[in-house]
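Asker: Take this structure, written in C-alpha coordinates, and hold onto it; I'll ask about it next.
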Amino acid sequence: MADRIVVIGAGHAGGAAAIALRELGFSGTLTLVGDEPHPPYERPSLSKGFLSGAEPEPVWLAPPARWSELNAGLRTASPAVAIDREKGEVRLADGSVEPFDALILATGGRARRLPLPHHPAVHYLRTTDDARALAARARPGARALIVGGGVIGLEAASTLKDMGLSAVVIEAGQRLLGRNIPAEAAQWLAQAHARIGVDVRLGRALTRLDDAPGGHVTATLDDGATLEVDLIVVGIGIVPCTDLAEAAGLPIDDGVLTDDDYRSPGDPRVFAIGDVAARRTDGAAQRMETWAHAQSSARRAALAILGLPSEPEPTPWFWTDQCGHSLQILGDPAAGDAVLTRGDGVRLYLRQGVLVGAVCLDRPRDFAAARRLIGKTLDPEIASDPSADLRKAA
(Lines give C-alpha, C1' and ligand atoms only; values in the text may rest on other atoms or scores of the structure.)
Protein backbone atom coordinates (compact mmCIF):
# COMPACT_ATOMS: atom_id res chain seq x y z
CA MET A 1 0.00 0.00 0.00
CA ALA A 2 1.37 3.41 -1.01
CA ASP A 3 1.79 5.90 1.84
CA ARG A 4 3.08 8.74 -0.34
CA ILE A 5 1.57 9.58 -3.72
CA VAL A 6 2.85 12.33 -6.00
CA VAL A 7 0.86 13.55 -8.99
CA ILE A 8 2.87 15.42 -11.64
CA GLY A 9 0.48 17.68 -13.51
CA ALA A 10 -2.12 19.85 -11.79
CA GLY A 11 -4.53 20.04 -14.70
CA HIS A 12 -7.90 18.36 -15.02
CA ALA A 13 -6.63 14.77 -14.97
CA GLY A 14 -4.15 15.33 -12.15
CA GLY A 15 -6.68 17.17 -10.04
CA ALA A 16 -9.31 14.50 -10.68
CA ALA A 17 -6.83 11.83 -9.57
CA ALA A 18 -6.14 13.65 -6.31
CA ILE A 19 -9.86 14.01 -5.60
CA ALA A 20 -10.54 10.36 -6.49
CA LEU A 21 -7.74 9.11 -4.22
CA ARG A 22 -9.15 10.93 -1.20
CA GLU A 23 -12.74 9.96 -1.98
CA LEU A 24 -11.68 6.32 -2.26
CA GLY A 25 -10.12 6.41 1.17
CA PHE A 26 -6.42 7.23 0.70
CA SER A 27 -5.19 8.85 3.92
CA GLY A 28 -1.46 9.12 3.25
CA THR A 29 0.60 12.02 1.96
CA LEU A 30 -0.72 13.37 -1.33
CA THR A 31 1.17 15.99 -3.35
CA LEU A 32 -0.02 17.61 -6.57
CA VAL A 33 2.72 19.34 -8.59
CA GLY A 34 1.84 21.74 -11.40
CA ASP A 35 3.60 24.06 -13.86
CA GLU A 36 0.89 26.70 -13.93
CA PRO A 37 0.25 29.18 -11.09
CA HIS A 38 -3.42 28.15 -10.98
CA PRO A 39 -5.16 25.28 -9.19
CA PRO A 40 -6.66 22.56 -11.44
CA TYR A 41 -9.24 23.71 -13.97
CA GLU A 42 -11.17 22.28 -16.91
CA ARG A 43 -10.00 23.29 -20.38
CA PRO A 44 -13.14 23.23 -22.60
CA SER A 45 -14.22 26.78 -21.73
CA LEU A 46 -10.86 28.23 -22.82
CA SER A 47 -12.00 28.34 -26.46
CA LYS A 48 -15.56 29.35 -25.59
CA GLY A 49 -16.99 31.18 -22.58
CA PHE A 50 -13.71 32.06 -20.88
CA LEU A 51 -12.23 33.37 -24.13
CA SER A 52 -15.25 35.55 -24.85
CA GLY A 53 -15.46 36.88 -21.29
CA ALA A 54 -18.88 35.37 -20.68
CA GLU A 55 -17.20 33.33 -17.94
CA PRO A 56 -14.88 35.61 -15.94
CA GLU A 57 -13.04 32.67 -14.35
CA PRO A 58 -11.95 29.29 -15.66
CA VAL A 59 -14.08 26.33 -14.67
CA TRP A 60 -12.20 25.32 -11.54
CA LEU A 61 -12.13 21.61 -10.83
CA ALA A 62 -12.84 22.33 -7.16
CA PRO A 63 -13.18 25.49 -5.02
CA PRO A 64 -10.14 26.52 -2.95
CA ALA A 65 -11.69 25.26 0.28
CA ARG A 66 -12.05 21.80 -1.22
CA TRP A 67 -8.29 21.44 -1.68
CA SER A 68 -7.81 22.28 1.98
CA GLU A 69 -10.41 19.71 2.97
CA LEU A 70 -8.67 17.09 0.85
CA ASN A 71 -5.36 17.81 2.58
CA ALA A 72 -3.69 17.68 -0.82
CA GLY A 73 -0.34 19.42 -1.03
CA LEU A 74 -1.05 21.63 -4.02
CA ARG A 75 2.25 22.97 -5.36
CA THR A 76 1.39 25.33 -8.20
CA ALA A 77 4.05 27.02 -10.35
CA SER A 78 6.39 24.20 -9.28
CA PRO A 79 7.51 22.32 -12.41
CA ALA A 80 8.90 18.83 -11.96
CA VAL A 81 12.28 18.52 -13.67
CA ALA A 82 13.33 14.92 -12.98
CA ILE A 83 12.10 11.57 -11.73
CA ASP A 84 14.49 9.33 -9.83
CA ARG A 85 12.81 5.94 -9.85
CA GLU A 86 15.60 4.27 -7.92
CA LYS A 87 15.21 6.66 -4.98
CA GLY A 88 11.47 7.13 -5.48
CA GLU A 89 11.75 10.90 -5.74
CA VAL A 90 10.55 13.74 -7.93
CA ARG A 91 12.85 16.76 -8.15
CA LEU A 92 11.27 20.17 -8.71
CA ALA A 93 12.65 23.27 -10.43
CA ASP A 94 13.21 25.00 -7.08
CA GLY A 95 15.54 22.19 -6.00
CA SER A 96 13.12 20.57 -3.57
CA VAL A 97 12.34 16.85 -3.65
CA GLU A 98 9.03 15.02 -3.25
CA PRO A 99 9.34 11.32 -2.28
CA PHE A 100 6.81 8.83 -3.58
CA ASP A 101 5.63 5.25 -3.22
CA ALA A 102 3.32 5.72 -6.20
CA LEU A 103 3.61 8.31 -8.96
CA ILE A 104 0.91 9.54 -11.34
CA LEU A 105 1.97 11.31 -14.54
CA ALA A 106 -0.73 13.72 -15.67
CA THR A 107 1.54 15.96 -17.70
CA GLY A 108 -0.89 16.39 -20.59
CA GLY A 109 0.40 17.91 -23.80
CA ARG A 110 1.75 21.16 -25.19
CA ALA A 111 0.29 22.92 -28.21
CA ARG A 112 1.88 21.84 -31.47
CA ARG A 113 3.79 24.77 -32.96
CA LEU A 114 3.80 26.10 -36.49
CA PRO A 115 6.96 25.31 -38.49
CA LEU A 116 7.52 29.06 -38.93
CA PRO A 117 9.55 31.71 -37.12
CA HIS A 118 7.85 33.13 -34.03
CA HIS A 119 5.53 36.09 -34.63
CA PRO A 120 3.83 38.04 -31.82
CA ALA A 121 0.47 37.91 -33.61
CA VAL A 122 0.39 34.11 -33.33
CA HIS A 123 -1.61 32.64 -30.45
CA TYR A 124 -1.96 29.09 -29.17
CA LEU A 125 -4.82 28.05 -26.93
CA ARG A 126 -3.89 25.57 -24.23
CA THR A 127 -3.88 27.45 -20.90
CA THR A 128 -5.80 30.21 -19.14
CA ASP A 129 -2.91 32.58 -19.82
CA ASP A 130 -3.10 31.70 -23.53
CA ALA A 131 -6.82 32.50 -23.54
CA ARG A 132 -6.32 35.81 -21.73
CA ALA A 133 -3.60 36.87 -24.17
CA LEU A 134 -5.80 36.04 -27.14
CA ALA A 135 -8.83 37.80 -25.65
CA ALA A 136 -6.75 40.96 -25.10
CA ARG A 137 -5.96 41.12 -28.82
CA ALA A 138 -9.39 40.06 -30.08
CA ARG A 139 -10.99 43.45 -30.62
CA PRO A 140 -14.32 43.79 -32.47
CA GLY A 141 -13.68 44.42 -36.14
CA ALA A 142 -10.32 42.66 -36.11
CA ARG A 143 -9.54 39.94 -38.64
CA ALA A 144 -8.55 36.50 -37.37
CA LEU A 145 -6.87 33.66 -39.21
CA ILE A 146 -7.37 30.25 -37.61
CA VAL A 147 -4.88 27.56 -38.62
CA GLY A 148 -6.42 24.14 -38.11
CA GLY A 149 -9.96 22.93 -38.72
CA GLY A 150 -10.21 20.68 -35.67
CA VAL A 151 -12.27 21.16 -32.52
CA ILE A 152 -10.14 23.90 -30.95
CA GLY A 153 -9.74 25.88 -34.16
CA LEU A 154 -13.44 25.79 -35.00
CA GLU A 155 -14.54 26.60 -31.45
CA ALA A 156 -12.16 29.56 -31.48
CA ALA A 157 -13.51 30.72 -34.86
CA SER A 158 -17.09 30.52 -33.57
CA THR A 159 -16.23 32.43 -30.39
CA LEU A 160 -14.26 35.13 -32.20
CA LYS A 161 -17.17 35.67 -34.58
CA ASP A 162 -19.44 36.14 -31.56
CA MET A 163 -16.94 38.69 -30.26
CA GLY A 164 -17.28 40.76 -33.45
CA LEU A 165 -14.24 39.60 -35.41
CA SER A 166 -14.11 38.15 -38.89
CA ALA A 167 -12.61 34.68 -39.20
CA VAL A 168 -10.88 32.64 -41.89
CA VAL A 169 -10.14 28.99 -41.13
CA ILE A 170 -7.52 27.11 -43.12
CA GLU A 171 -7.24 23.35 -42.86
CA ALA A 172 -4.56 21.22 -44.52
CA GLY A 173 -6.92 18.25 -44.90
CA GLN A 174 -9.74 17.86 -47.35
CA ARG A 175 -12.44 18.24 -44.72
CA LEU A 176 -12.93 19.68 -41.26
CA LEU A 177 -12.62 17.61 -38.09
CA GLY A 178 -11.01 14.76 -39.97
CA ARG A 179 -9.40 13.14 -36.96
CA ASN A 180 -12.29 12.26 -34.71
CA ILE A 181 -15.72 13.12 -36.14
CA PRO A 182 -17.64 11.31 -38.92
CA ALA A 183 -17.72 13.15 -42.21
CA GLU A 184 -21.46 13.83 -42.19
CA ALA A 185 -21.36 15.32 -38.68
CA ALA A 186 -18.35 17.43 -39.67
CA GLN A 187 -20.38 18.72 -42.60
CA TRP A 188 -23.16 19.79 -40.23
CA LEU A 189 -20.67 22.02 -38.44
CA ALA A 190 -19.14 23.24 -41.70
CA GLN A 191 -22.59 24.44 -42.75
CA ALA A 192 -23.11 26.11 -39.38
CA HIS A 193 -19.85 28.04 -39.78
CA ALA A 194 -20.80 29.08 -43.29
CA ARG A 195 -24.10 30.46 -41.97
CA ILE A 196 -22.32 32.78 -39.52
CA GLY A 197 -19.83 33.95 -42.13
CA VAL A 198 -16.69 31.97 -41.31
CA ASP A 199 -14.53 31.60 -44.44
CA VAL A 200 -13.30 27.98 -44.50
CA ARG A 201 -10.51 27.00 -46.91
CA LEU A 202 -9.63 23.32 -47.16
CA GLY A 203 -6.38 21.83 -48.42
CA ARG A 204 -4.49 24.97 -47.46
CA ALA A 205 -1.46 25.64 -45.27
CA LEU A 206 0.22 28.75 -43.90
CA THR A 207 3.69 29.29 -45.34
CA ARG A 208 4.72 32.79 -44.25
CA LEU A 209 3.87 35.73 -42.01
CA ASP A 210 5.05 39.28 -42.67
CA ASP A 211 4.42 42.54 -40.89
CA ALA A 212 2.14 44.91 -42.77
CA PRO A 213 1.36 48.64 -42.35
CA GLY A 214 -0.95 49.63 -39.53
CA GLY A 215 0.10 46.80 -37.26
CA HIS A 216 -1.51 44.18 -39.48
CA VAL A 217 0.02 40.90 -40.66
CA THR A 218 0.20 39.49 -44.18
CA ALA A 219 -0.38 35.75 -44.13
CA THR A 220 0.73 33.85 -47.24
CA LEU A 221 -0.86 30.49 -48.00
CA ASP A 222 0.64 27.60 -49.95
CA ASP A 223 -1.42 28.46 -53.03
CA GLY A 224 0.07 31.96 -53.12
CA ALA A 225 -3.03 33.67 -51.72
CA THR A 226 -2.45 36.39 -49.12
CA LEU A 227 -4.65 37.53 -46.25
CA GLU A 228 -4.36 40.74 -44.25
CA VAL A 229 -5.13 39.77 -40.65
CA ASP A 230 -4.68 41.10 -37.13
CA LEU A 231 -4.14 37.86 -35.25
CA ILE A 232 -3.52 34.19 -35.89
CA VAL A 233 -4.87 31.33 -33.76
CA VAL A 234 -3.17 27.98 -34.20
CA GLY A 235 -5.03 24.78 -33.33
CA ILE A 236 -3.13 21.91 -34.94
CA GLY A 237 -3.14 19.44 -32.07
CA ILE A 238 -0.92 18.74 -29.10
CA VAL A 239 2.35 16.97 -28.47
CA PRO A 240 2.19 14.72 -25.38
CA CYS A 241 4.57 15.84 -22.64
CA THR A 242 6.63 12.68 -22.25
CA ASP A 243 10.04 14.25 -21.55
CA LEU A 244 10.12 13.43 -17.84
CA ALA A 245 8.93 9.87 -18.38
CA GLU A 246 11.35 9.25 -21.22
CA ALA A 247 14.30 10.62 -19.22
CA ALA A 248 13.28 8.28 -16.39
CA GLY A 249 13.48 5.29 -18.73
CA LEU A 250 9.74 4.59 -18.96
CA PRO A 251 8.28 3.08 -22.16
CA ILE A 252 6.94 5.69 -24.61
CA ASP A 253 4.62 5.25 -27.61
CA ASP A 254 3.25 8.66 -28.66
CA GLY A 255 2.58 9.10 -24.97
CA VAL A 256 3.51 7.30 -21.76
CA LEU A 257 2.72 3.66 -22.42
CA THR A 258 0.32 2.04 -19.93
CA ASP A 259 -1.69 -1.11 -19.41
CA ASP A 260 -5.45 -1.27 -19.00
CA ASP A 261 -5.25 0.22 -15.49
CA TYR A 262 -3.00 3.09 -16.66
CA ARG A 263 0.04 1.49 -15.00
CA SER A 264 3.41 1.74 -16.74
CA PRO A 265 4.80 -1.64 -17.84
CA GLY A 266 8.22 -0.19 -17.01
CA ASP A 267 7.50 0.41 -13.31
CA PRO A 268 4.49 -0.85 -11.31
CA ARG A 269 4.62 2.26 -9.08
CA VAL A 270 4.10 4.64 -12.01
CA PHE A 271 0.81 5.49 -13.70
CA ALA A 272 -0.07 7.86 -16.56
CA ILE A 273 -3.50 9.38 -17.12
CA GLY A 274 -5.30 11.92 -19.28
CA ASP A 275 -3.90 13.24 -22.55
CA VAL A 276 -0.40 11.84 -22.00
CA ALA A 277 -1.47 8.22 -21.41
CA ALA A 278 -0.96 5.84 -24.33
CA ARG A 279 -3.11 2.95 -23.14
CA ARG A 280 -2.41 -0.37 -24.78
CA THR A 281 -5.53 -2.33 -25.68
CA ASP A 282 -5.76 -5.12 -28.25
CA GLY A 283 -2.04 -4.72 -28.94
CA ALA A 284 -2.23 -1.06 -29.98
CA ALA A 285 -1.48 2.02 -27.87
CA GLN A 286 -4.03 4.81 -28.06
CA ARG A 287 -4.27 8.26 -26.51
CA MET A 288 -7.54 10.08 -25.86
CA GLU A 289 -7.73 13.86 -25.49
CA THR A 290 -11.15 14.44 -23.95
CA TRP A 291 -12.71 15.82 -20.79
CA ALA A 292 -14.38 12.49 -20.09
CA HIS A 293 -11.13 10.55 -20.41
CA ALA A 294 -9.39 12.85 -17.93
CA GLN A 295 -12.08 11.89 -15.43
CA SER A 296 -12.30 8.17 -16.14
CA SER A 297 -8.56 7.50 -16.38
CA ALA A 298 -7.95 9.35 -13.11
CA ARG A 299 -10.45 7.21 -11.24
CA ARG A 300 -9.28 3.92 -12.74
CA ALA A 301 -5.65 4.67 -11.84
CA ALA A 302 -6.68 5.66 -8.30
CA LEU A 303 -8.51 2.35 -7.86
CA ALA A 304 -5.48 0.41 -9.07
CA ILE A 305 -3.07 2.29 -6.78
CA LEU A 306 -5.26 1.56 -3.77
CA GLY A 307 -5.67 -2.10 -4.70
CA LEU A 308 -9.43 -1.73 -5.12
CA PRO A 309 -11.48 -3.63 -7.72
CA SER A 310 -11.66 -1.91 -11.07
CA GLU A 311 -14.96 -0.50 -12.29
CA PRO A 312 -16.45 -0.62 -15.78
CA GLU A 313 -15.31 2.49 -17.60
CA PRO A 314 -17.95 4.60 -19.34
CA THR A 315 -18.03 4.48 -23.11
CA PRO A 316 -15.77 7.23 -24.50
CA TRP A 317 -17.61 10.41 -25.46
CA PHE A 318 -16.98 14.08 -26.05
CA TRP A 319 -18.74 17.20 -27.21
CA THR A 320 -18.09 20.48 -28.95
CA ASP A 321 -20.14 23.69 -28.88
CA GLN A 322 -19.92 25.86 -31.99
CA CYS A 323 -22.07 28.42 -33.79
CA GLY A 324 -24.92 27.97 -31.33
CA HIS A 325 -24.96 24.20 -31.76
CA SER A 326 -23.82 21.33 -29.57
CA LEU A 327 -22.43 18.21 -31.23
CA GLN A 328 -22.01 15.12 -29.03
CA ILE A 329 -20.06 12.03 -30.12
CA LEU A 330 -20.29 8.63 -28.43
CA GLY A 331 -18.26 5.46 -28.75
CA ASP A 332 -16.50 4.53 -31.99
CA PRO A 333 -18.60 5.48 -35.03
CA ALA A 334 -15.80 4.31 -37.34
CA ALA A 335 -16.29 0.75 -36.08
CA GLY A 336 -19.84 0.61 -37.46
CA ASP A 337 -20.80 -1.37 -40.55
CA ALA A 338 -24.23 0.30 -40.83
CA VAL A 339 -25.64 3.76 -40.09
CA LEU A 340 -29.18 4.54 -38.97
CA THR A 341 -30.56 8.01 -39.70
CA ARG A 342 -32.83 9.20 -36.90
CA GLY A 343 -34.21 12.41 -38.35
CA ASP A 344 -32.09 15.51 -38.66
CA GLY A 345 -29.05 15.58 -36.44
CA VAL A 346 -28.81 11.99 -35.16
CA ARG A 347 -26.81 9.13 -36.63
CA LEU A 348 -26.51 5.75 -34.94
CA TYR A 349 -23.63 3.46 -35.91
CA LEU A 350 -24.17 -0.28 -35.67
CA ARG A 351 -21.88 -3.26 -36.02
CA GLN A 352 -23.76 -6.47 -36.73
CA GLY A 353 -26.83 -4.76 -35.32
CA VAL A 354 -25.14 -3.64 -32.09
CA LEU A 355 -24.84 0.08 -31.26
CA VAL A 356 -21.15 1.05 -31.25
CA GLY A 357 -21.35 4.82 -31.76
CA ALA A 358 -23.59 7.84 -32.16
CA VAL A 359 -23.44 11.50 -33.13
CA CYS A 360 -26.14 13.94 -32.08
CA LEU A 361 -26.51 17.59 -33.08
CA ASP A 362 -28.66 19.49 -30.58
CA ARG A 363 -30.34 16.25 -29.49
CA PRO A 364 -29.27 15.74 -25.86
CA ARG A 365 -32.13 13.36 -25.01
CA ASP A 366 -31.24 11.02 -27.85
CA PHE A 367 -27.59 11.20 -26.83
CA ALA A 368 -28.45 10.29 -23.24
CA ALA A 369 -30.49 7.35 -24.50
CA ALA A 370 -27.67 6.23 -26.79
CA ARG A 371 -25.26 6.20 -23.83
CA ARG A 372 -27.55 3.72 -22.07
CA LEU A 373 -27.95 1.58 -25.19
CA ILE A 374 -24.31 1.33 -26.28
CA GLY A 375 -23.35 -2.30 -26.77
CA LYS A 376 -26.95 -3.44 -27.22
CA THR A 377 -28.72 -4.75 -30.31
CA LEU A 378 -31.20 -2.22 -31.69
CA ASP A 379 -34.48 -2.57 -33.54
CA PRO A 380 -33.72 -0.51 -36.68
CA GLU A 381 -37.35 0.51 -37.22
CA ILE A 382 -37.75 2.01 -33.75
CA ALA A 383 -34.25 3.47 -33.66
CA SER A 384 -34.79 5.24 -37.00
CA ASP A 385 -38.10 6.83 -35.98
CA PRO A 386 -37.43 10.26 -34.42
CA SER A 387 -40.92 10.25 -32.90
CA ALA A 388 -40.24 7.01 -31.01
CA ASP A 389 -38.50 6.78 -27.66
CA LEU A 390 -34.97 5.65 -28.52
CA ARG A 391 -34.73 3.83 -25.19
CA LYS A 392 -37.32 1.35 -26.46
CA ALA A 393 -35.18 0.36 -29.48
CA ALA A 394 -33.13 -2.19 -27.53
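Numbering starts fresh at 1 for the residues of each chain in the C-alpha coordinates, the chains themselves are lettered A, B, ... in the order given, and ligands are numbered from 1 as they appear.
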Residues within 7 Å of region 125-142 of chain A, please, as a list in words. Count only C-alpha atoms; anything in the same chain fewer than 4 positions from it doesn't count.
Answerer: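 Near region 125-142 of chain A, the qualifying residues are Leu46, Leu51, Ser52, Ala111, Met163, Gly164, Leu165, Ser166 and Asp230 of chain A.
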Asker: Give me, as CSV, the closest atom pair and its distance (Å, one decimal) for every residue of region 98-195 of chain A within a cut-off of 12 Å of region 355-371 of chain A, counting only C-alpha atoms, rows sorted by chain and rising number.
Answerer:
residue,atom,partner,partner_atom,distance
A:Asn180,CA,A:Val359,CA,11.3
A:Ile181,CA,A:Val359,CA,8.4
A:Pro182,CA,A:Val359,CA,8.2
A:Ala183,CA,A:Val359,CA,10.9
A:Glu184,CA,A:Val359,CA,9.6
A:Ala185,CA,A:Val359,CA,7.1
A:Ala186,CA,A:Val359,CA,10.2
A:Gln187,CA,A:Leu361,CA,11.4
A:Trp188,CA,A:Leu361,CA,8.2
A:Leu189,CA,A:Leu361,CA,9.1
A:Ala192,CA,A:Leu361,CA,11.1
Asker: How far is it from CA of His193 (chain A) to CA of Asp211 (chain A), in Å with one decimal?
Answerer: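 Between CA of His193 (chain A) and CA of Asp211 (chain A) the gap is 28.3 Å.
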Asker: Pick out each residue of region 114-307 of chain A that DSSP on the backbone tags as strand (DSSP E or B); I need them as a count of residues only.
Answerer: 56
Asker: Go through A:Leu244, A:His38, A:Thr281, A:Ile152 and flag the residue nearest Arg91 (chain A), using only C-alpha atoms for the distances.
Answerer: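 Nearest candidate to Arg91 (chain A) out of A:Leu244, A:His38, A:Thr281, A:Ile152: A:Leu244.
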